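Shown here: input32.cif, mmCIF, C-alpha atoms.
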```cif
data_model
loop_
_atom_site.label_atom_id
_atom_site.label_comp_id
_atom_site.auth_asym_id
_atom_site.auth_seq_id
_atom_site.Cartn_x
_atom_site.Cartn_y
_atom_site.Cartn_z
CA MET A 1 -65.29 19.21 -41.00
CA ARG A 2 -67.87 17.84 -38.61
CA LYS A 3 -67.15 14.28 -39.72
CA ALA A 4 -63.43 14.85 -39.23
CA ILE A 5 -64.01 16.13 -35.70
CA ILE A 6 -66.26 13.19 -34.84
CA GLY A 7 -63.70 10.80 -36.29
CA SER A 8 -60.91 12.39 -34.24
CA LEU A 9 -63.01 12.16 -31.07
CA ALA A 10 -63.71 8.48 -31.75
CA VAL A 11 -60.01 7.74 -32.21
CA LEU A 12 -59.24 9.62 -28.97
CA ALA A 13 -61.92 7.69 -27.09
CA ILE A 14 -60.49 4.39 -28.30
CA ALA A 15 -57.00 5.48 -27.27
CA VAL A 16 -58.23 6.46 -23.80
CA LEU A 17 -60.00 3.13 -23.35
CA ALA A 18 -56.90 1.25 -24.50
CA TRP A 19 -54.73 3.19 -22.03
CA ALA A 20 -57.19 2.61 -19.17
CA SER A 21 -57.16 -1.15 -19.78
CA SER A 22 -53.40 -1.41 -20.25
CA ASP A 23 -51.19 -3.51 -18.03
CA PRO A 24 -48.64 -1.36 -16.19
CA TRP A 25 -46.16 -4.25 -15.90
CA LYS A 26 -45.94 -4.34 -19.70
CA ASP A 27 -46.40 -0.71 -20.67
CA LYS A 28 -44.18 1.34 -18.38
CA PRO A 29 -41.34 0.99 -15.86
CA PHE A 30 -42.40 0.58 -12.24
CA GLN A 31 -40.78 3.93 -11.38
CA GLN A 32 -43.68 5.54 -13.31
CA TRP A 33 -46.47 3.58 -11.65
CA ASP A 34 -49.09 5.49 -9.70
CA GLU A 35 -51.27 4.11 -6.90
CA LYS A 36 -53.83 2.74 -9.38
CA ASP A 37 -51.10 0.79 -11.16
CA VAL A 38 -49.88 -0.61 -7.85
CA GLN A 39 -53.37 -1.73 -6.87
CA LYS A 40 -53.94 -3.34 -10.27
CA VAL A 41 -50.82 -5.46 -9.79
CA LEU A 42 -51.77 -6.42 -6.23
CA SER A 43 -55.46 -6.99 -6.91
CA SER A 44 -56.17 -8.00 -10.50
CA SER A 45 -53.07 -9.28 -12.24
CA PRO A 46 -51.91 -12.80 -13.19
CA TRP A 47 -49.79 -12.82 -10.01
CA SER A 48 -52.64 -11.95 -7.64
CA LYS A 49 -55.76 -13.95 -6.81
CA ILE A 50 -58.74 -13.27 -4.59
CA VAL A 51 -59.76 -16.62 -3.11
CA THR A 52 -63.08 -17.25 -1.37
CA THR A 53 -63.27 -20.41 0.69
CA ASP A 54 -65.52 -22.20 3.16
CA ALA A 55 -64.61 -21.09 6.71
CA GLY A 56 -66.56 -23.88 8.42
CA PRO A 57 -69.73 -23.66 10.59
CA GLY A 58 -70.05 -20.16 11.98
CA GLY A 59 -66.73 -19.21 10.46
CA GLY A 60 -64.64 -20.62 13.30
CA ALA A 61 -61.98 -18.07 14.20
CA VAL A 62 -62.49 -16.00 11.06
CA THR A 63 -63.44 -12.38 11.68
CA PRO A 64 -66.04 -10.74 9.40
CA SER A 65 -64.61 -8.01 7.17
CA SER A 66 -64.85 -6.55 3.71
CA LEU A 67 -62.56 -7.63 0.89
CA PRO A 68 -59.05 -8.84 1.67
CA GLN A 69 -56.61 -5.98 1.80
CA ALA A 70 -54.03 -5.33 -0.91
CA ASN A 71 -51.28 -4.86 1.64
CA PRO A 72 -48.28 -3.03 0.16
CA GLY A 73 -46.18 -4.66 2.85
CA THR A 74 -46.34 -8.04 1.14
CA PRO A 75 -43.37 -9.64 -0.54
CA GLY A 76 -39.79 -8.97 -1.35
CA ALA A 77 -39.14 -5.73 0.44
CA GLY A 78 -36.47 -7.22 2.64
CA SER A 79 -32.78 -7.62 1.92
CA GLY A 80 -31.06 -10.64 0.51
CA GLY A 81 -34.23 -11.95 -1.11
CA GLY A 82 -35.75 -12.51 2.32
CA HIS A 83 -39.14 -11.61 3.69
CA GLY A 84 -38.41 -8.43 5.62
CA GLY A 85 -41.07 -5.74 5.55
CA MET A 86 -43.83 -7.99 4.26
CA GLY A 87 -46.20 -7.16 7.08
CA GLY A 88 -47.59 -3.80 8.05
CA GLY A 89 -47.77 -0.68 5.96
CA SER A 90 -50.89 1.02 4.70
CA SER A 91 -53.45 -0.96 2.77
CA SER A 92 -56.38 -0.44 0.50
CA SER A 93 -59.06 -2.77 -0.80
CA PRO A 94 -58.52 -4.34 -4.20
CA SER A 95 -60.98 -3.76 -6.95
CA GLY A 96 -63.36 -6.55 -7.81
CA GLY A 97 -63.83 -9.78 -5.91
CA GLY A 98 -66.55 -11.02 -3.63
CA GLY A 99 -67.49 -9.88 -0.21
CA GLY A 100 -65.47 -11.05 2.93
CA ALA A 101 -66.58 -13.45 5.59
CA ARG A 102 -70.21 -14.33 6.20
CA GLY A 103 -71.55 -15.74 9.45
CA MET A 104 -73.68 -18.88 9.69
CA GLY A 105 -77.26 -18.25 8.69
CA ALA A 106 -80.44 -19.42 10.38
CA ASP A 107 -80.46 -22.47 8.13
CA GLY A 108 -77.09 -23.62 9.49
CA SER A 109 -75.16 -22.73 6.36
CA THR A 110 -71.41 -22.31 6.63
CA SER A 111 -69.59 -19.01 6.30
CA GLU A 112 -67.08 -17.92 3.70
CA ALA A 113 -63.74 -16.13 4.00
CA SER A 114 -61.77 -14.23 1.36
CA PHE A 115 -57.98 -14.07 1.04
CA ALA A 116 -55.55 -12.37 -1.31
CA VAL A 117 -52.99 -14.87 -2.62
CA ARG A 118 -49.97 -13.49 -4.50
CA TRP A 119 -46.87 -14.90 -6.19
CA GLY A 120 -44.65 -12.74 -4.04
CA SER A 121 -41.23 -13.61 -5.46
CA SER A 122 -42.07 -12.13 -8.86
CA ARG A 123 -40.45 -8.91 -10.02
CA THR A 124 -43.88 -7.45 -10.71
CA VAL A 125 -45.28 -7.93 -7.22
CA ARG A 126 -42.02 -6.82 -5.62
CA GLU A 127 -42.04 -3.71 -7.82
CA ALA A 128 -45.60 -2.93 -6.72
CA VAL A 129 -44.71 -3.34 -3.05
CA LEU A 130 -41.64 -1.14 -3.33
CA ARG A 131 -43.37 1.45 -5.50
CA SER A 132 -46.15 1.74 -2.92
CA LYS A 133 -43.57 2.52 -0.26
CA VAL A 134 -41.96 5.14 -2.48
CA LEU A 135 -45.32 6.79 -3.14
CA SER A 136 -46.09 6.87 0.58
CA GLY A 137 -42.68 8.36 1.38
CA LYS A 138 -41.44 5.30 3.29
CA LEU A 139 -38.69 4.52 0.81
CA THR A 140 -36.55 6.43 -1.68
CA GLU A 141 -36.47 5.44 -5.33
CA ALA A 142 -32.78 4.58 -5.04
CA ASP A 143 -33.43 2.26 -2.09
CA ALA A 144 -36.34 0.64 -3.94
CA GLU A 145 -34.17 -0.15 -6.95
CA GLN A 146 -31.41 -1.48 -4.71
CA GLN A 147 -33.80 -3.84 -2.94
CA LEU A 148 -35.37 -4.96 -6.21
CA ALA A 149 -31.92 -5.88 -7.57
CA GLN A 150 -31.44 -8.43 -4.79
CA PRO A 151 -32.50 -11.91 -5.98
CA THR A 152 -35.07 -14.04 -4.22
CA ALA A 153 -33.76 -17.36 -2.95
CA ALA A 154 -37.10 -19.17 -3.23
CA TYR A 155 -40.53 -18.95 -4.81
CA LEU A 156 -42.77 -17.05 -2.41
CA VAL A 157 -46.54 -17.27 -2.13
CA VAL A 158 -48.04 -14.66 0.18
CA ILE A 159 -51.49 -14.85 1.79
CA SER A 160 -52.93 -11.63 3.17
CA GLY A 161 -56.25 -10.11 4.18
CA GLU A 162 -58.23 -9.23 7.27
CA GLN A 163 -59.34 -12.81 7.93
CA LEU A 164 -56.00 -14.35 8.88
CA ALA A 165 -57.41 -15.28 12.26
CA ALA A 166 -57.84 -18.64 10.53
CA PHE A 167 -54.08 -19.06 11.04
CA GLN A 168 -54.00 -18.02 14.70
CA ALA A 169 -54.53 -21.53 16.01
CA ALA A 170 -52.03 -22.99 13.53
CA GLU A 171 -48.28 -23.01 13.97
CA GLU A 172 -45.85 -22.20 11.19
CA ALA A 173 -44.52 -25.76 11.13
CA GLY A 174 -48.04 -27.11 10.75
CA VAL A 175 -48.84 -24.75 7.88
CA LYS A 176 -45.54 -25.70 6.24
CA SER A 177 -46.44 -29.40 6.24
CA ARG A 178 -49.79 -28.65 4.63
CA SER A 179 -48.71 -26.23 1.90
CA THR A 180 -47.82 -27.39 -1.61
CA LEU A 181 -47.32 -26.27 -5.20
CA THR A 182 -48.28 -28.80 -7.87
CA THR A 183 -47.13 -28.09 -11.41
CA LYS A 184 -49.80 -28.53 -14.06
CA LYS A 185 -47.73 -30.08 -16.84
CA GLY A 186 -45.08 -32.02 -14.92
CA LYS A 187 -47.38 -32.95 -12.00
CA GLN A 188 -44.46 -32.19 -9.71
CA LYS A 189 -45.57 -31.74 -6.10
CA ILE A 190 -43.35 -29.21 -4.33
CA GLY A 191 -43.48 -29.02 -0.56
CA ALA A 192 -42.98 -25.76 1.33
CA SER A 193 -39.47 -25.10 2.66
CA ASN A 194 -40.45 -22.38 5.14
CA VAL A 195 -43.44 -20.50 6.53
CA ASP A 196 -43.22 -17.08 8.12
CA PHE A 197 -46.09 -15.36 9.95
CA GLN A 198 -45.69 -11.60 9.54
CA ARG A 199 -47.18 -10.07 12.69
CA GLY A 200 -48.32 -6.59 13.67
CA PRO A 201 -46.76 -4.29 16.27
CA ASP A 202 -48.51 -6.16 19.09
CA GLY A 203 -46.71 -9.36 18.09
CA LYS A 204 -50.01 -11.24 17.91
CA ALA A 205 -52.12 -10.21 14.92
CA ILE A 206 -51.04 -11.91 11.70
CA LEU A 207 -50.75 -9.47 8.80
CA ALA A 208 -49.46 -11.87 6.15
CA VAL A 209 -48.38 -15.47 5.76
CA VAL A 210 -45.28 -15.96 3.60
CA ILE A 211 -44.78 -19.49 2.26
CA SER A 212 -41.46 -20.37 0.60
CA PHE A 213 -40.96 -23.11 -1.98
CA PRO A 214 -37.49 -24.22 -3.16
CA LYS A 215 -36.31 -23.33 -6.64
CA ARG A 216 -34.00 -26.35 -6.73
CA THR A 217 -34.20 -29.93 -5.55
CA ALA A 218 -31.57 -31.48 -3.31
CA THR A 219 -29.80 -32.69 -6.47
CA GLY A 220 -29.80 -29.23 -8.04
CA GLU A 221 -32.61 -29.74 -10.54
CA ALA A 222 -35.17 -26.99 -11.12
CA THR A 223 -38.43 -27.60 -9.27
CA ILE A 224 -40.32 -25.66 -11.96
CA ASP A 225 -39.21 -26.35 -15.54
CA ALA A 226 -38.79 -23.55 -18.06
CA ASP A 227 -41.65 -24.93 -20.18
CA GLU A 228 -44.03 -25.44 -17.25
CA LYS A 229 -47.46 -23.92 -17.90
CA GLY A 230 -48.66 -23.25 -14.36
CA ALA A 231 -49.09 -24.48 -10.82
CA GLU A 232 -51.79 -25.11 -8.26
CA PHE A 233 -51.17 -23.68 -4.79
CA SER A 234 -52.76 -25.31 -1.74
CA CYS A 235 -52.63 -24.36 1.93
CA LEU A 236 -54.69 -25.98 4.69
CA PRO A 237 -54.50 -24.05 7.97
CA GLY A 238 -56.93 -25.94 10.19
CA ARG A 239 -60.44 -26.16 8.75
CA VAL A 240 -59.82 -23.55 6.05
CA SER A 241 -58.66 -24.69 2.60
CA ILE A 242 -56.97 -21.99 0.52
CA LYS A 243 -56.30 -22.89 -3.11
CA ALA A 244 -55.25 -20.77 -6.07
CA SER A 245 -54.27 -21.52 -9.65
CA PHE A 246 -51.43 -19.61 -11.33
CA ASP A 247 -51.09 -19.52 -15.12
CA PHE A 248 -47.40 -19.06 -15.96
CA SER A 249 -48.22 -18.29 -19.60
CA LYS A 250 -49.70 -14.98 -18.42
CA MET A 251 -47.07 -14.19 -15.80
CA TYR A 252 -44.80 -12.16 -18.08
CA ASP A 253 -43.54 -8.62 -17.78
CA ALA A 254 -41.36 -6.62 -20.18
CA GLN A 255 -38.35 -8.74 -19.16
CA GLY A 256 -39.93 -12.15 -19.72
CA ARG A 257 -41.42 -14.88 -17.56
CA ASP A 258 -41.73 -13.59 -14.02
CA LEU A 259 -41.87 -16.06 -11.17
#
```

Can you dump the structure from the file as C-alpha cells?
Amino acid sequence: MRKAIIGSLAVLAIAVLAWASSDPWKDKPFQQWDEKDVQKVLSSSPWSKIVTTDAGPGGGAVTPSSLPQANPGTPGAGSGGGHGGMGGGSSSSPSGGGGGARGMGADGSTSEASFAVRWGSSRTVREAVLRSKVLSGKLTEADAEQQLAQPTAAYLVVISGEQLAAFQAAEEAGVKSRSTLTTKKGKQKIGASNVDFQRGPDGKAILAVVISFPKRTATGEATIDADEKGAEFSCLPGRVSIKASFDFSKMYDAQGRDL
C-alpha cells in the first residue's frame, strides 16, 4: 500500500511539473489564460525577446530602471489590424532576463540598456494583449474576440520597456530608415514600411515603438516565404543598436505558424 501511495504521489508530482512548464499558446484557448499565462507569452515565449544592448558612454539619454516592462498595451489591440491601444495600460516585469540600464563606472565603461522586443502581429501576442485587458476589466471577452478576428495588414515588431528615452532624440522617419528584417534562409532584407511612437497621456513619453514591415512586395510576392526558418530584426535609434533573432520553427500555436 505504501509503495502504491508513493508511486501515485510521484506520478502526481510529474503531472504538476509538466503542467507548470506547459505552453499556454499550445495547451489551452486564450480565453482561459490567467495573468501568469499572459506574462509567459509577453516575457518568455518564442515571440518575445529581452534584449540587452550597449547604451553608449554614460548611457546617453537612457534612464536607469529595472527590467523592461511586459506592457499589455503592446500590439494588435486596435481595429482594422492597426496599432491602436498599443501604448499605456498596466504593466508588470517579465520573469527572467538581466538587469536594466547601468551607468558608466569609474573605469569609463559603457552602460547597458534592456528592451522587450516582440513579434506583435502574431495571434499569440495579440491574444495575450487582449486577454490582459479582459482580466483587468478594460475589455469584454466579446470585444476581445472581435478585435482578434481582424487581420493585421503588416508584420509588426514592437519595442517596449522603461528605457525608450533612447528614441526621444530620434524621429519616426529616421527609425524607419534604420529598421530591417533579414530572413535567415532567403537572406531577404525587408525594410520597414512604417514606424509609430506610442506615447503616454502627456504626449511626450514613449511607451512603445511599433515598427511595421510589409507582407508583400510591390509585385505581390510574399516578403517571408512559407518555408522560411527565421529572421533577424535590427533597429538603430541613434547610438543604441537593438537586435533580436526570431526562430519561426518555434513560433507555432494550436493553429499553425504564427507570424

Inset, instruction - For the structure provided, state which residues fall under the PyMOL selection byres ((chain A and resi 177) around 10), and present them as a PyMOL selection string. - result: chain A and resi 172-176+178-180+191-195+235-237

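Near stretch 20-30 of chain A, within 9 Å and counting all atoms listed in the file, sit Ala15, Val16, Leu17, Ala18, Gln32, Trp33, Asp34, Asp37, Val38, Lys40, Val41, Ser45, Thr124, Glu127, Ala128, Arg131, Tyr252, Asp253, Ala254 and Gln255 of chain A; same-chain residues fewer than 2 positions away were not included.
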
Residues selected by the PyMOL selection byres ((chain A and resi 169) around 12), written as a PDB file with C-alpha atoms, in the frame of the given file:
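Now in expr00.pdb:
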```
ATOM      1  CA  GLY A  60     -64.640 -20.620  13.300  1.00  0.00           C
ATOM      2  CA  ALA A  61     -61.980 -18.070  14.200  1.00  0.00           C
ATOM      3  CA  VAL A  62     -62.490 -16.000  11.060  1.00  0.00           C
ATOM      4  CA  LEU A 164     -56.000 -14.350   8.880  1.00  0.00           C
ATOM      5  CA  ALA A 165     -57.410 -15.280  12.260  1.00  0.00           C
ATOM      6  CA  ALA A 166     -57.840 -18.640  10.530  1.00  0.00           C
ATOM      7  CA  PHE A 167     -54.080 -19.060  11.040  1.00  0.00           C
ATOM      8  CA  GLN A 168     -54.000 -18.020  14.700  1.00  0.00           C
ATOM      9  CA  ALA A 170     -52.030 -22.990  13.530  1.00  0.00           C
ATOM     10  CA  GLU A 171     -48.280 -23.010  13.970  1.00  0.00           C
ATOM     11  CA  GLU A 172     -45.850 -22.200  11.190  1.00  0.00           C
ATOM     12  CA  ALA A 173     -44.520 -25.760  11.130  1.00  0.00           C
ATOM     13  CA  GLY A 174     -48.040 -27.110  10.750  1.00  0.00           C
ATOM     14  CA  VAL A 175     -48.840 -24.750   7.880  1.00  0.00           C
ATOM     15  CA  LYS A 204     -50.010 -11.240  17.910  1.00  0.00           C
ATOM     16  CA  ALA A 205     -52.120 -10.210  14.920  1.00  0.00           C
ATOM     17  CA  ILE A 206     -51.040 -11.910  11.700  1.00  0.00           C
ATOM     18  CA  PRO A 237     -54.500 -24.050   7.970  1.00  0.00           C
ATOM     19  CA  GLY A 238     -56.930 -25.940  10.190  1.00  0.00           C
ATOM     20  CA  ARG A 239     -60.440 -26.160   8.750  1.00  0.00           C
ATOM     21  CA  VAL A 240     -59.820 -23.550   6.050  1.00  0.00           C
TER      22      VAL A 240
END
```

Inset, instruction - For atom CA of A:Glu141 and atom CA of A:Gln31, determine how far apart the two atoms are, in Å to one decimal place. - result: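 Value for the atom CA of A:Glu141-atom CA of A:Gln31 distance: 7.6 Å.
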
Inset, instruction - Would you work out the distance separating atom CA of A:Ala142 from atom CA of A:Asp258, expressed in Å to one decimal? - result: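 Between these atoms lies a distance of 22.2 Å.
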
Legend entry - Length of the atom CA of A:Ala144 to atom CA of A:Glu35 vector [Å]: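 Going from atom CA of A:Ala144 over to atom CA of A:Glu35, I get 15.6 Å.
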